[in-house]
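J.: Once you've had a glance at the structure underneath, I'll fire off some questions.
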There are 2 protein chains.
Amino acid sequence: MNARQTPYYAVIFSSRLTDDIAGYSDMAERTEQLAKLQPGYLGFESARNAEGLGISVSYWRDTAAIQAWREHIEHQSAIELGYQRWYQQLHIRIARVERSYDWERT
Amino acid sequence: MNARQTPYYAVIFSSRLTDDIAGYSDMAERTEQLAKLQPGYLGFESARNAEGLGISVSYWRDTAAIQAWREHIEHQSAIELGYQRWYQQLHIRIARVERSYDWERT
């Protein structure tokens, strides 16, 4: 995601997975593709380290866009499966991005 | 970091590294330890994936704490080295955390 005019919103999602991660990466990929189609979607970035901590941040125009995505039926199914099988621990934070700085080596 | 009363602040730092990462992980570790000693520090989480995208999020009581940490002399040195050697690309976002949700499998 490139620089955009603030304010906009970020959903900071950090998680640790269980040992039963069958199906997880397919679902994560599908959910990311589906998110891109939602109104107000601005961007997404995700990383998971060797110790199992994953951080995904999705960016949205406003809280209404976040709420609509949260209520999307396919997303709801993914969330439900996550609670049943995949997540050991999670933290979700909704944050208003007030300043943004981008830099690239030239 | 556990649940805390909102609002507080997050610095979302995402980066891609150059091929010259000698010294990077030592500096990142030292900088993280130093951050923990700063007034207003609330927490930190970090992940870097196999494709080289890293996301670090630090949490702070308010923007004054973020500004003070930004101006810390040792942190400034780390930032300078980062620009000289380690970062290919980076995005920094300062965001006000408005809602927070934590869950753990029992």
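Labeling convention for the structure tokens: chains A, B, ... as they appear, residues from 1 per chain, ligands from 1 in order of appearance.
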Pick out the residues sitting within 10 Å of Gly23 in chain A, and hand them over as number ranges by chain; count only C-alpha atoms, and ignore anything fewer than 5 positions along from it in its own chain.

T.: A: 28, 81, 85-86

J.: Just need the residues of chain B within 10 Å of chain A, counting only C-alpha atoms, so spit them out as a ChimeraX atom specification.

T.: /B:1-3,6-16,18,45-57,83-106

J.: Those same residues - C-alpha atoms - I'd like them written as a PDB file, in the first residue's frame.

T.:
```
ATOM      1  CA  MET B   1       1.009  -6.955  25.355  1.00  0.00           C
ATOM      2  CA  ASN B   2      -2.250  -7.571  27.164  1.00  0.00           C
ATOM      3  CA  ALA B   3      -5.511  -5.715  26.814  1.00  0.00           C
ATOM      4  CA  THR B   6      -8.009   2.531  24.855  1.00  0.00           C
ATOM      5  CA  PRO B   7      -7.054   4.944  23.482  1.00  0.00           C
ATOM      6  CA  TYR B   8      -3.336   4.385  23.181  1.00  0.00           C
ATOM      7  CA  TYR B   9      -1.000   4.591  20.202  1.00  0.00           C
ATOM      8  CA  ALA B  10       0.600   2.145  17.789  1.00  0.00           C
ATOM      9  CA  VAL B  11       3.589   2.651  15.511  1.00  0.00           C
ATOM     10  CA  ILE B  12       3.188   0.240  12.608  1.00  0.00           C
ATOM     11  CA  PHE B  13       6.589  -0.209  10.991  1.00  0.00           C
ATOM     12  CA  SER B  14       6.792  -2.401   7.895  1.00  0.00           C
ATOM     13  CA  SER B  15      10.005  -2.879   5.949  1.00  0.00           C
ATOM     14  CA  ARG B  16      11.914  -4.841   3.368  1.00  0.00           C
ATOM     15  CA  THR B  18      18.559  -4.971   1.507  1.00  0.00           C
ATOM     16  CA  GLU B  45       5.464  -7.356  18.547  1.00  0.00           C
ATOM     17  CA  SER B  46       7.386  -8.215  15.422  1.00  0.00           C
ATOM     18  CA  ALA B  47       7.376 -10.762  12.600  1.00  0.00           C
ATOM     19  CA  ARG B  48       9.299 -11.151   9.354  1.00  0.00           C
ATOM     20  CA  ASN B  49       8.232 -13.639   6.709  1.00  0.00           C
ATOM     21  CA  ALA B  50      10.225 -15.749   4.274  1.00  0.00           C
ATOM     22  CA  GLU B  51       9.645 -13.221   1.459  1.00  0.00           C
ATOM     23  CA  GLY B  52      11.437 -10.557   3.487  1.00  0.00           C
ATOM     24  CA  LEU B  53       8.524  -8.399   4.599  1.00  0.00           C
ATOM     25  CA  GLY B  54       8.812  -7.448   8.257  1.00  0.00           C
ATOM     26  CA  ILE B  55       6.109  -5.872  10.388  1.00  0.00           C
ATOM     27  CA  SER B  56       6.885  -4.464  13.830  1.00  0.00           C
ATOM     28  CA  VAL B  57       4.283  -2.763  15.949  1.00  0.00           C
ATOM     29  CA  TYR B  83      18.753   4.085   6.081  1.00  0.00           C
ATOM     30  CA  GLN B  84      22.424   3.693   5.181  1.00  0.00           C
ATOM     31  CA  ARG B  85      22.526  -0.092   5.009  1.00  0.00           C
ATOM     32  CA  TRP B  86      19.557  -2.214   5.888  1.00  0.00           C
ATOM     33  CA  TYR B  87      16.272  -0.850   4.624  1.00  0.00           C
ATOM     34  CA  GLN B  88      15.215  -1.259   1.031  1.00  0.00           C
ATOM     35  CA  GLN B  89      11.758   0.090   1.669  1.00  0.00           C
ATOM     36  CA  LEU B  90       9.788   1.141   4.705  1.00  0.00           C
ATOM     37  CA  HIS B  91       6.410   2.391   5.788  1.00  0.00           C
ATOM     38  CA  ILE B  92       5.759   3.970   9.166  1.00  0.00           C
ATOM     39  CA  ARG B  93       2.277   4.702  10.395  1.00  0.00           C
ATOM     40  CA  ILE B  94       1.283   6.373  13.640  1.00  0.00           C
ATOM     41  CA  ALA B  95      -2.164   5.215  14.664  1.00  0.00           C
ATOM     42  CA  ARG B  96      -4.493   5.811  17.584  1.00  0.00           C
ATOM     43  CA  VAL B  97      -5.847   2.507  18.889  1.00  0.00           C
ATOM     44  CA  GLU B  98      -9.530   2.982  19.510  1.00  0.00           C
ATOM     45  CA  ARG B  99     -10.673  -0.574  20.187  1.00  0.00           C
ATOM     46  CA  SER B 100      -8.856  -3.672  21.303  1.00  0.00           C
ATOM     47  CA  TYR B 101      -9.907  -7.306  21.567  1.00  0.00           C
ATOM     48  CA  ASP B 102      -7.899 -10.179  23.020  1.00  0.00           C
ATOM     49  CA  TRP B 103      -8.687 -13.874  22.971  1.00  0.00           C
ATOM     50  CA  GLU B 104      -6.880 -16.985  24.084  1.00  0.00           C
ATOM     51  CA  ARG B 105      -7.825 -20.639  23.699  1.00  0.00           C
ATOM     52  CA  THR B 106      -8.521 -22.237  27.067  1.00  0.00           C
TER      53      THR B 106
END
```

J.: Do you have the CA of Ala65 in chain A-CA of Pro39 in chain A distance handy?

T.: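 It comes out at 6.4 Å.
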
J.: Run DSSP on the backbone and give me the residues of range 35-70 of chain A it puts in strand (DSSP E or B), as a PyMOL selection string.

T.: chain A and resi 41-48+53-60

J.: Those selected residues, please, written with C-alpha atoms and delivered as a compact mmCIF listing (two decimals), in the first residue's frame.

T.:
```
# COMPACT_ATOMS: atom_id res chain seq x y z
CA TYR A 41 -10.35 -1.60 1.32
CA LEU A 42 -6.99 0.19 1.03
CA GLY A 43 -4.32 -2.43 1.56
CA PHE A 44 -2.98 -5.44 3.42
CA GLU A 45 0.36 -6.67 4.72
CA SER A 46 1.19 -9.81 6.63
CA ALA A 47 4.18 -11.61 8.12
CA ARG A 48 4.62 -14.65 10.34
CA LEU A 53 3.79 -15.05 15.80
CA GLY A 54 1.85 -13.63 12.87
CA ILE A 55 0.97 -9.98 12.31
CA SER A 56 -1.49 -8.94 9.61
CA VAL A 57 -2.51 -5.36 9.09
CA SER A 58 -5.39 -4.41 6.81
CA TYR A 59 -6.10 -0.78 5.94
CA TRP A 60 -9.54 0.71 5.42
```

J.: Mind pulling up the distance from CA of Arg70 in chain B to CA of Gln38 in chain B?

T.: 10.6 Å

J.: Within 9 Å of Thr31 in chain B, counting only C-alpha atoms, which residues qualify if same-chain residues fewer than 5 places away don't, as a ChimeraX atom specification?

T.: /B:26,36,74-75,78

J.: Restricting it to N, CA, C and O atoms, dump the selection as a tab-separated table (two decimals), in the first residue's frame.

T.:
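Writing done, so here's out-v9.tsv:
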```
chain	number	residue	atom	x	y	z
B	26	ASP	N	21.18	-7.84	15.51
B	26	ASP	CA	21.72	-7.36	16.79
B	26	ASP	C	21.18	-5.97	17.12
B	26	ASP	O	20.76	-5.69	18.25
B	36	LYS	N	11.85	-0.68	25.49
B	36	LYS	CA	11.13	-1.13	26.69
B	36	LYS	C	11.39	-0.26	27.91
B	36	LYS	O	10.62	-0.27	28.86
B	74	GLU	N	20.31	7.04	20.89
B	74	GLU	CA	20.70	5.70	20.40
B	74	GLU	C	19.74	5.19	19.34
B	74	GLU	O	20.13	4.49	18.41
B	75	HIS	N	18.48	5.54	19.50
B	75	HIS	CA	17.50	5.17	18.49
B	75	HIS	C	17.80	5.89	17.17
B	75	HIS	O	17.72	5.30	16.09
B	78	ALA	N	20.47	4.09	15.35
B	78	ALA	CA	19.94	2.87	14.73
B	78	ALA	C	19.18	3.21	13.44
B	78	ALA	O	19.33	2.54	12.41
```

J.: Could you tell me how far CA of His72 in chain A sits from CA of Met27 in chain A, in Å to one decimal place?

T.: 14.6 Å
